[in-house]
Every structure is written in structure tokens, then in C-alpha cells.
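Here the structure comes first, spelled out in C-alpha cells, and everything after it is commentary.
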Amino acid sequence: MSTQQFTGIFAAVVTPLTADASAVDAAGVKRQADHIIAGGIHGLVPGGSTGEFTTLTTDERKRTTELYLEAAAGRVPVVAGTGALGTAETVELSRHAEKAGASAVMIVPPFYDTPTFEELLAHYGAVSDAIDIPIMYYNIPAVTGVRLAPEELAKLARETGVTSYKDTGGDFAWFSAVKEQHAKDITALNGWDTLTFAALASGAGAGVWGTASVIPRLCAELYDAIAVRGDLDAGRELWAKIFPICQFLESHNYACGIKTGVELVGVSAGPTRRPVLPLAPEYRRQLRALLDAAGVETVDGAFAAA
């Protein structure tokens with residue numbers, strides 16, 4: 001099992017769809033990857049919540065992983081979201097991701113039956129036995145019902161192939177407890193948009209961030225200012241522009257917000273799949289105004305880059 005550790009900002013990417021949302025759009029994937037990588041972002045994470053993975057078929061999930069790997073073309077690492085409701089499908093998707101060239105997989109706990117800790121050990125252990133690339137644990141308790149103690153997360157890492165975790169829990173004290181007390185077991189990656197500044201300033205070396213799909217340059221500059229140069233003054237100036245956008249996105253369906261954002265900056269990814277509806281016109285106007293205030297160039301028209 002590889003022990004590769006990730007640093008920098010990894011963009012939680014959308015799954016581009018055709019205009020009728022019936023299929024994955026290969027050209028849209030290339031458009032997203034080029035936009036994000038050109039903006040200085042350090043990695044891509046397809047197949048997560050931002051990628052609407054619960055609305056995709058298994059074949060579509062595999063195809064999306066393949067397309068992002070092709071589009072990245074080795075320029076940045078790709079961490080494929082492979083979590084599923086059952087262990088067998090999670091193993092299948094994880095094996096596929098490894099074979100396709102993913103640097104790691106991100107696995108959310110099965111999110112309907114709320115597994116016990118012993119069941120989680122068995123679930124992640126089965127994937128660990130099946131692949132030789134690292135596993136990123138996706139901590140998002142609001143939708144999984146799984147709330148591990150910091151000590152349990154560390155034990156999961158010691159006993160399986162989990163080497164890092166994306167924290168989308170919103171509990172900064174919990175995040176800090178894992179990062180400060182269990183760093184030898186597991187690497188902390190922030191995954192809660194509005195806590196990005198705090199996480200980087202506290203020493204987190206990486207984050208998985210959907211906003212980086214919309215405003216990659218600003219997000220990369222924030223990381224450089226805080227995590228690389230230690231310039232908190234420059235970081236605060238950037239965060240004053242970025243935070244209102246993050247706050248907005250956390251107030252709406254996240255995948256829909258990100259898809260609206262990439263459309264507004266000229267790299268459309270098509271619609272979301274039902275039951276998620278488009279943002280109402282007044283919210284689109286709000287997001288455009290926030291992007292304009294941050295100095296980000298926006299475009300007019302629906303699916304402008306399609």
C-alpha cells in the first residue's frame with residue numbers, strides 16, 4: 001500500500017453532463033480540468049458529492065474517473081471518489097480507479113445503514129486488501145450518520161489503507177483534535193469551505209475544495225499565501241474575497257451552486273440531475289455579484305461555454 005501524502009488544494013470537481021443531463025459530457029470534463037489546473041490547483045477529486053455521484057450509474061462513475069484522468073494527463077494527481085452503499089461495489093469502483101491510474105481513492109462510509117465502527121473496519125479493510133493505492137476517508141456525518149471519535153478515525157487508519165481524511169463535518173474542534181493528536185496515523189485535509197482559512201492557518205497541509213473549481217486562481221493564491229509563505233496578511237485579503245462565495249455555496253445545494261459558478265465563469269458543465277433544480281434567478285444574480293466583487297470575470301448566458 002502506497003503511503004503517498006497530498007499537499008495543496010484539490011478541487012472537488014463536478015460531473016459535466018449534456019444539456020439534457022442524460023450522459024456524461026467528455027468535452028465538459030476536459031474544459032473543467034484545463035480551467036482548474038491552469039488556475040494553479042494541485043489535484044482533482046471527481047466522484048464526490050460535488051460530482052453528484054449518487055445520481056450516476058456505476059458505468060458513468062467509471063467513465064467520469066477515466067475522463068478526468070485523461071484530461072489531467074499526469075499534470076496533477078487525481079483522487080477518485082469510489083464510495084458506495086455496499087462493500088462489493090466500493091471494491092469494484094476502487095479497483096477500476098487504480099487500474100485507470102488514480103493516485104488514491106476517496107471513500108465515503110455507506111450512507112444509509114449507518115454502519116458500526118466494526119463494520120467500517122471490515123468495509124475499509126476489504127477495499128485495502130483489493131488495491132495498492134491510498135484511501136482518503138470522506139468524513140461527512142450530516143449525510144452518513146457516521147460520527148467517529150478522533151481515536152476511532154486514527155484506529156481506522158492504523159488498521160486499514162486509510163492514510164488521510166477529508167473533513168466535511170464543520171466541527172473545527174474535532175478536526176483540530178485529529179490533526180494535533182493523531183497526525184502520525186492520518187493526514188488531515190479540510191473539506192468545509194468556510195473553515196479553509198482557519199484550517200490552513202492551523203497547519204493543515206491540504207484541502208479538498210469545491211470552490212476551487214470555480215475560482216481556482218484565488219484558491220491557489222490563498223494556499224500559497226498561508227501554507228507556503230506564511231503571509232497571514234495577504235491571506236486575509238484574499239479570504240475577504242473568497243469567504244462570501246464559500247458562504248453562499250454552503251447555503252444552497254452545493255453541486256448546483258458549483259455548476260452555476262463554473263457556468264458563470266465561462267466553463268459550463270451543464271445542468272444538475274433531478275431531483276436537484278437549477279438555482280433560482282435571484283440566487284444566480286447573487287452569485288454573479290459575489291464573483292464580480294472578488295474580481296472574477298463572469299460571462300452572460302446559460303451554458304455559455306457549451
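If you're wondering about the labels, chains in the C-alpha cells are A, B, ... by order shown, residues count from 1 in each chain, ligands from 1 in order shown.
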Report task. Extract, using only C-alpha atoms, all DNA, RNA and protein residues at most 12 Å from range 61-64 of chain A, discarding same-chain residues fewer than 2 positions from it, and format them as number ranges by chain. Result -> A: 13-17, 23-30, 33, 44-48, 51-59, 66-71, 78-84, 89-90, 92-102
Which residues, written as a PDB file with C-alpha atoms, in the first residue's frame, have at least one atom at most 12 Å from Pro134 in chain A, with only C-alpha atoms counted and residues fewer than 3 positions away on the same chain left out?
```pdb
ATOM      1  CA  MET A   1       0.000   0.000   0.000  1.00  0.00           C
ATOM      2  CA  SER A   2       1.417   3.361  -1.049  1.00  0.00           C
ATOM      3  CA  THR A   3       1.767   5.972   1.693  1.00  0.00           C
ATOM      4  CA  GLN A   4       1.705   9.000  -0.625  1.00  0.00           C
ATOM      5  CA  GLN A   5       0.577  12.136   1.172  1.00  0.00           C
ATOM      6  CA  PHE A   6      -1.077  15.052  -0.576  1.00  0.00           C
ATOM      7  CA  VAL A  78      -6.460  12.560  -9.342  1.00  0.00           C
ATOM      8  CA  VAL A  79      -8.254  11.101  -6.313  1.00  0.00           C
ATOM      9  CA  ALA A  80     -11.330   9.186  -7.433  1.00  0.00           C
ATOM     10  CA  SER A  94     -11.789   1.290  -6.320  1.00  0.00           C
ATOM     11  CA  ARG A  95     -10.127  -1.427  -8.372  1.00  0.00           C
ATOM     12  CA  ALA A  97      -9.857   3.670 -10.312  1.00  0.00           C
ATOM     13  CA  GLU A  98      -6.491   2.138  -9.502  1.00  0.00           C
ATOM     14  CA  ALA A 102      -5.862   7.267  -9.922  1.00  0.00           C
ATOM     15  CA  SER A 103      -3.372   8.322  -7.260  1.00  0.00           C
ATOM     16  CA  ALA A 104      -5.813   7.454  -4.468  1.00  0.00           C
ATOM     17  CA  VAL A 105      -9.488   6.820  -3.830  1.00  0.00           C
ATOM     18  CA  MET A 106     -11.848   8.791  -1.623  1.00  0.00           C
ATOM     19  CA  ILE A 107     -14.428   6.622   0.122  1.00  0.00           C
ATOM     20  CA  TYR A 124     -12.395  -0.240   4.522  1.00  0.00           C
ATOM     21  CA  GLY A 125     -10.309  -3.313   5.210  1.00  0.00           C
ATOM     22  CA  VAL A 127     -11.016  -2.210  -0.057  1.00  0.00           C
ATOM     23  CA  SER A 128      -7.494  -2.048   1.393  1.00  0.00           C
ATOM     24  CA  ASP A 129      -6.987  -5.720   0.561  1.00  0.00           C
ATOM     25  CA  ALA A 130      -8.136  -5.125  -3.014  1.00  0.00           C
ATOM     26  CA  ILE A 131      -5.999  -2.106  -4.018  1.00  0.00           C
ATOM     27  CA  TYR A 137     -11.744   8.717   4.316  1.00  0.00           C
ATOM     28  CA  ALA A 157      -6.071   4.442   9.623  1.00  0.00           C
ATOM     29  CA  THR A 160      -6.614  -0.261   7.013  1.00  0.00           C
ATOM     30  CA  GLY A 161      -5.233   1.537   3.961  1.00  0.00           C
ATOM     31  CA  VAL A 162      -6.746   4.867   5.016  1.00  0.00           C
ATOM     32  CA  THR A 163      -3.935   7.438   5.054  1.00  0.00           C
ATOM     33  CA  SER A 164      -5.861  10.725   5.021  1.00  0.00           C
ATOM     34  CA  TYR A 165      -9.332  12.112   5.525  1.00  0.00           C
ATOM     35  CA  ILE A 186      -3.691  10.074   9.467  1.00  0.00           C
ATOM     36  CA  THR A 187      -3.332  13.274   7.438  1.00  0.00           C
TER      37      THR A 187
END
```
Query raised in the report: Between A:Ala149, A:Ile245, A:Ala198, A:Val76, which has the minimum distance to Trp174 in chain A (counting only C-alpha atoms)?
Result: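 So, comparing all the options, the nearest one is A:Ala149.
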Query raised in the report: Contacts of range 40-43 of chain A at 12 Å or less, counting only C-alpha atoms, minus same-chain residues fewer than 3 places along, as a ChimeraX atom specification?
Result: /A:6-13,32-37,46,68-69,71-80,102-104,205-224
Report task. Using backbone DSSP assignments, extract all strand (DSSP E) residues from range 121-229 of chain A; output them as number ranges by chain. Result -> A: 135-139, 162-167, 187-190, 206-209
Query raised in the report: Contacts of Ala294 in chain A at 10 Å or less, counting only C-alpha atoms, minus same-chain residues fewer than 2 places along, as a ChimeraX atom specification?
Result: /A:215,218,238-245,288-292,296-297
Output file for the residues above (N, CA, C and O atoms, as a PDB file, in the first residue's frame):
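Result went into selection-v3.pdb, see below:
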```pdb
ATOM      1  N   ILE A 215     -13.177  29.277  -8.799  1.00  0.00           N
ATOM      2  CA  ILE A 215     -12.177  30.349  -8.717  1.00  0.00           C
ATOM      3  C   ILE A 215     -10.814  29.749  -8.369  1.00  0.00           C
ATOM      4  O   ILE A 215     -10.250  30.028  -7.314  1.00  0.00           O
ATOM      5  N   LEU A 218      -7.741  32.181  -7.265  1.00  0.00           N
ATOM      6  CA  LEU A 218      -7.827  32.758  -5.932  1.00  0.00           C
ATOM      7  C   LEU A 218      -7.573  31.705  -4.854  1.00  0.00           C
ATOM      8  O   LEU A 218      -6.905  31.974  -3.857  1.00  0.00           O
ATOM      9  N   LEU A 238      -7.093  37.952   0.644  1.00  0.00           N
ATOM     10  CA  LEU A 238      -7.702  37.004  -0.288  1.00  0.00           C
ATOM     11  C   LEU A 238      -8.968  36.391   0.305  1.00  0.00           C
ATOM     12  O   LEU A 238      -9.977  36.224  -0.391  1.00  0.00           O
ATOM     13  N   TRP A 239      -8.927  36.045   1.574  1.00  0.00           N
ATOM     14  CA  TRP A 239     -10.069  35.405   2.225  1.00  0.00           C
ATOM     15  C   TRP A 239     -11.281  36.339   2.259  1.00  0.00           C
ATOM     16  O   TRP A 239     -12.422  35.884   2.175  1.00  0.00           O
ATOM     17  N   ALA A 240     -11.044  37.637   2.361  1.00  0.00           N
ATOM     18  CA  ALA A 240     -12.153  38.592   2.344  1.00  0.00           C
ATOM     19  C   ALA A 240     -12.919  38.528   1.030  1.00  0.00           C
ATOM     20  O   ALA A 240     -14.126  38.786   0.984  1.00  0.00           O
ATOM     21  N   LYS A 241     -12.239  38.161  -0.058  1.00  0.00           N
ATOM     22  CA  LYS A 241     -12.897  37.997  -1.350  1.00  0.00           C
ATOM     23  C   LYS A 241     -13.562  36.621  -1.474  1.00  0.00           C
ATOM     24  O   LYS A 241     -14.632  36.491  -2.060  1.00  0.00           O
ATOM     25  N   ILE A 242     -12.883  35.614  -0.941  1.00  0.00           N
ATOM     26  CA  ILE A 242     -13.315  34.230  -1.139  1.00  0.00           C
ATOM     27  C   ILE A 242     -14.436  33.824  -0.190  1.00  0.00           C
ATOM     28  O   ILE A 242     -15.370  33.109  -0.589  1.00  0.00           O
ATOM     29  N   PHE A 243     -14.371  34.272   1.061  1.00  0.00           N
ATOM     30  CA  PHE A 243     -15.311  33.796   2.068  1.00  0.00           C
ATOM     31  C   PHE A 243     -16.778  34.015   1.689  1.00  0.00           C
ATOM     32  O   PHE A 243     -17.595  33.097   1.852  1.00  0.00           O
ATOM     33  N   PRO A 244     -17.179  35.195   1.175  1.00  0.00           N
ATOM     34  CA  PRO A 244     -18.603  35.360   0.832  1.00  0.00           C
ATOM     35  C   PRO A 244     -19.079  34.359  -0.216  1.00  0.00           C
ATOM     36  O   PRO A 244     -20.230  33.926  -0.188  1.00  0.00           O
ATOM     37  N   ILE A 245     -18.189  33.969  -1.140  1.00  0.00           N
ATOM     38  CA  ILE A 245     -18.553  32.970  -2.151  1.00  0.00           C
ATOM     39  C   ILE A 245     -18.758  31.617  -1.477  1.00  0.00           C
ATOM     40  O   ILE A 245     -19.743  30.909  -1.755  1.00  0.00           O
ATOM     41  N   ARG A 288     -23.305  35.781  -9.075  1.00  0.00           N
ATOM     42  CA  ARG A 288     -22.572  36.606 -10.037  1.00  0.00           C
ATOM     43  C   ARG A 288     -22.004  37.850  -9.353  1.00  0.00           C
ATOM     44  O   ARG A 288     -20.840  38.233  -9.581  1.00  0.00           O
ATOM     45  N   ALA A 289     -22.811  38.491  -8.513  1.00  0.00           N
ATOM     46  CA  ALA A 289     -22.353  39.702  -7.825  1.00  0.00           C
ATOM     47  C   ALA A 289     -21.173  39.409  -6.903  1.00  0.00           C
ATOM     48  O   ALA A 289     -20.231  40.207  -6.802  1.00  0.00           O
ATOM     49  N   LEU A 290     -21.203  38.255  -6.244  1.00  0.00           N
ATOM     50  CA  LEU A 290     -20.093  37.886  -5.362  1.00  0.00           C
ATOM     51  C   LEU A 290     -18.819  37.623  -6.161  1.00  0.00           C
ATOM     52  O   LEU A 290     -17.719  38.012  -5.744  1.00  0.00           O
ATOM     53  N   LEU A 291     -18.955  36.972  -7.302  1.00  0.00           N
ATOM     54  CA  LEU A 291     -17.796  36.731  -8.164  1.00  0.00           C
ATOM     55  C   LEU A 291     -17.248  38.054  -8.700  1.00  0.00           C
ATOM     56  O   LEU A 291     -16.023  38.276  -8.715  1.00  0.00           O
ATOM     57  N   ASP A 292     -18.139  38.937  -9.127  1.00  0.00           N
ATOM     58  CA  ASP A 292     -17.704  40.238  -9.617  1.00  0.00           C
ATOM     59  C   ASP A 292     -16.963  41.003  -8.515  1.00  0.00           C
ATOM     60  O   ASP A 292     -15.916  41.623  -8.768  1.00  0.00           O
ATOM     61  N   VAL A 296     -13.511  38.430 -10.207  1.00  0.00           N
ATOM     62  CA  VAL A 296     -13.536  37.291 -11.130  1.00  0.00           C
ATOM     63  C   VAL A 296     -14.397  37.656 -12.336  1.00  0.00           C
ATOM     64  O   VAL A 296     -15.545  38.093 -12.185  1.00  0.00           O
ATOM     65  N   GLU A 297     -13.858  37.472 -13.526  1.00  0.00           N
ATOM     66  CA  GLU A 297     -14.594  37.791 -14.739  1.00  0.00           C
ATOM     67  C   GLU A 297     -15.711  36.782 -14.956  1.00  0.00           C
ATOM     68  O   GLU A 297     -15.498  35.573 -14.902  1.00  0.00           O
TER      69      GLU A 297
END
```
Query raised in the report: Any idea what the distance is between CA of Gly191 in chain A and CA of Leu249 in chain A?
Result: 13.1 Å
Requested in this report: Select from range 68-156 of chain A everything DSSP, run on the backbone, classes as alpha helix (DSSP H), then give the selection as a PyMOL selection string.
Outcome: chain A and resi 68-72+87-100+117-130+141-144+150-156
Would you save the residues from that selection as a compact mmCIF listing (two decimals), in the first residue's frame, using N, CA and C atoms?
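Wrote it out as part36.txt, contents follow:
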```
# COMPACT_ATOMS: atom_id res chain seq x y z
N TYR A 68 -11.52 12.23 -16.33
CA TYR A 68 -10.72 13.20 -15.58
C TYR A 68 -9.25 12.81 -15.57
N LEU A 69 -8.96 11.52 -15.52
CA LEU A 69 -7.57 11.09 -15.60
C LEU A 69 -6.97 11.42 -16.96
N GLU A 70 -7.74 11.19 -18.02
CA GLU A 70 -7.28 11.55 -19.36
C GLU A 70 -7.05 13.06 -19.48
N ALA A 71 -7.98 13.83 -18.93
CA ALA A 71 -7.89 15.29 -19.04
C ALA A 71 -6.73 15.83 -18.21
N ALA A 72 -6.50 15.24 -17.05
CA ALA A 72 -5.39 15.69 -16.20
C ALA A 72 -4.06 15.37 -16.86
N THR A 87 -20.11 -2.89 0.09
CA THR A 87 -18.68 -3.12 0.01
C THR A 87 -18.27 -3.62 -1.37
N ALA A 88 -19.07 -4.51 -1.97
CA ALA A 88 -18.69 -5.07 -3.26
C ALA A 88 -18.56 -3.99 -4.33
N GLU A 89 -19.52 -3.08 -4.38
CA GLU A 89 -19.44 -2.02 -5.39
C GLU A 89 -18.30 -1.06 -5.09
N THR A 90 -18.06 -0.78 -3.82
CA THR A 90 -16.94 0.08 -3.45
C THR A 90 -15.63 -0.53 -3.90
N VAL A 91 -15.47 -1.83 -3.69
CA VAL A 91 -14.27 -2.53 -4.15
C VAL A 91 -14.16 -2.47 -5.67
N GLU A 92 -15.26 -2.72 -6.37
CA GLU A 92 -15.26 -2.69 -7.82
C GLU A 92 -14.81 -1.33 -8.35
N LEU A 93 -15.40 -0.27 -7.83
CA LEU A 93 -15.06 1.07 -8.27
C LEU A 93 -13.62 1.43 -7.92
N SER A 94 -13.15 0.98 -6.75
CA SER A 94 -11.79 1.29 -6.32
C SER A 94 -10.76 0.56 -7.17
N ARG A 95 -11.03 -0.69 -7.48
CA ARG A 95 -10.13 -1.43 -8.37
C ARG A 95 -10.06 -0.77 -9.74
N HIS A 96 -11.21 -0.36 -10.23
CA HIS A 96 -11.25 0.32 -11.53
C HIS A 96 -10.42 1.60 -11.48
N ALA A 97 -10.58 2.41 -10.42
CA ALA A 97 -9.86 3.67 -10.31
C ALA A 97 -8.35 3.44 -10.29
N GLU A 98 -7.92 2.44 -9.54
CA GLU A 98 -6.49 2.14 -9.50
C GLU A 98 -5.99 1.74 -10.89
N LYS A 99 -6.71 0.86 -11.55
CA LYS A 99 -6.30 0.41 -12.88
C LYS A 99 -6.27 1.56 -13.88
N ALA A 100 -7.19 2.52 -13.72
CA ALA A 100 -7.26 3.66 -14.63
C ALA A 100 -6.14 4.66 -14.39
N PHE A 117 -18.67 0.85 13.98
CA PHE A 117 -17.24 1.00 13.77
C PHE A 117 -16.62 -0.31 13.31
N GLU A 118 -17.07 -1.41 13.86
CA GLU A 118 -16.55 -2.71 13.44
C GLU A 118 -16.87 -2.98 11.97
N GLU A 119 -18.06 -2.57 11.55
CA GLU A 119 -18.43 -2.74 10.14
C GLU A 119 -17.60 -1.83 9.24
N LEU A 120 -17.28 -0.63 9.73
CA LEU A 120 -16.41 0.25 8.95
C LEU A 120 -15.02 -0.34 8.80
N LEU A 121 -14.49 -0.91 9.87
CA LEU A 121 -13.18 -1.55 9.78
C LEU A 121 -13.19 -2.65 8.72
N ALA A 122 -14.26 -3.44 8.69
CA ALA A 122 -14.35 -4.51 7.70
C ALA A 122 -14.51 -3.94 6.30
N HIS A 123 -15.31 -2.90 6.16
CA HIS A 123 -15.57 -2.29 4.85
C HIS A 123 -14.29 -1.71 4.26
N TYR A 124 -13.63 -0.85 5.02
CA TYR A 124 -12.39 -0.24 4.52
C TYR A 124 -11.27 -1.26 4.43
N GLY A 125 -11.30 -2.26 5.29
CA GLY A 125 -10.31 -3.31 5.21
C GLY A 125 -10.43 -4.10 3.92
N ALA A 126 -11.65 -4.37 3.49
CA ALA A 126 -11.86 -5.11 2.25
C ALA A 126 -11.33 -4.34 1.05
N VAL A 127 -11.55 -3.02 1.04
CA VAL A 127 -11.02 -2.21 -0.06
C VAL A 127 -9.49 -2.19 0.01
N SER A 128 -8.95 -2.08 1.22
CA SER A 128 -7.49 -2.05 1.39
C SER A 128 -6.85 -3.32 0.87
N ASP A 129 -7.52 -4.45 1.05
CA ASP A 129 -6.99 -5.72 0.56
C ASP A 129 -7.03 -5.82 -0.96
N ALA A 130 -7.90 -5.01 -1.57
CA ALA A 130 -8.14 -5.13 -3.01
C ALA A 130 -7.29 -4.17 -3.85
N PRO A 141 -20.55 13.53 8.28
CA PRO A 141 -21.52 12.87 9.16
C PRO A 141 -22.96 13.32 8.97
N ALA A 142 -23.17 14.53 8.45
CA ALA A 142 -24.55 15.01 8.29
C ALA A 142 -25.34 14.15 7.33
N VAL A 143 -24.67 13.51 6.37
CA VAL A 143 -25.39 12.67 5.41
C VAL A 143 -25.15 11.18 5.62
N THR A 144 -24.10 10.80 6.32
CA THR A 144 -23.84 9.38 6.55
C THR A 144 -24.35 8.89 7.89
N PRO A 150 -12.15 11.00 17.36
CA PRO A 150 -10.81 11.12 16.77
C PRO A 150 -9.99 9.85 16.93
N GLU A 151 -10.11 9.19 18.08
CA GLU A 151 -9.35 7.96 18.33
C GLU A 151 -9.79 6.84 17.39
N GLU A 152 -11.08 6.81 17.07
CA GLU A 152 -11.58 5.78 16.15
C GLU A 152 -11.06 6.02 14.74
N LEU A 153 -11.03 7.27 14.31
CA LEU A 153 -10.51 7.56 12.99
C LEU A 153 -9.03 7.16 12.89
N ALA A 154 -8.28 7.45 13.94
CA ALA A 154 -6.87 7.06 13.96
C ALA A 154 -6.72 5.54 13.91
N LYS A 155 -7.56 4.84 14.63
CA LYS A 155 -7.50 3.37 14.61
C LYS A 155 -7.86 2.84 13.23
N LEU A 156 -8.85 3.43 12.58
CA LEU A 156 -9.22 3.03 11.22
C LEU A 156 -8.01 3.15 10.30
```
Requested in this report: Provide the CA of Arg273 in chain A to CA of Asn253 in chain A distance in Å, to one decimal place.
Outcome: 11.9 Å
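From CA of Ala234 in chain A back to CA of Tyr254 in chain A, the distance works out to 27.4 Å.
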Requested in this report: Counting only C-alpha atoms, figure out which residue out of A:Ala225, A:Ala293, A:Val265, A:Val299 gets nearest to Arg31 in chain A.
Outcome: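 For Arg31 in chain A, the nearest of the given residues is A:Val265.
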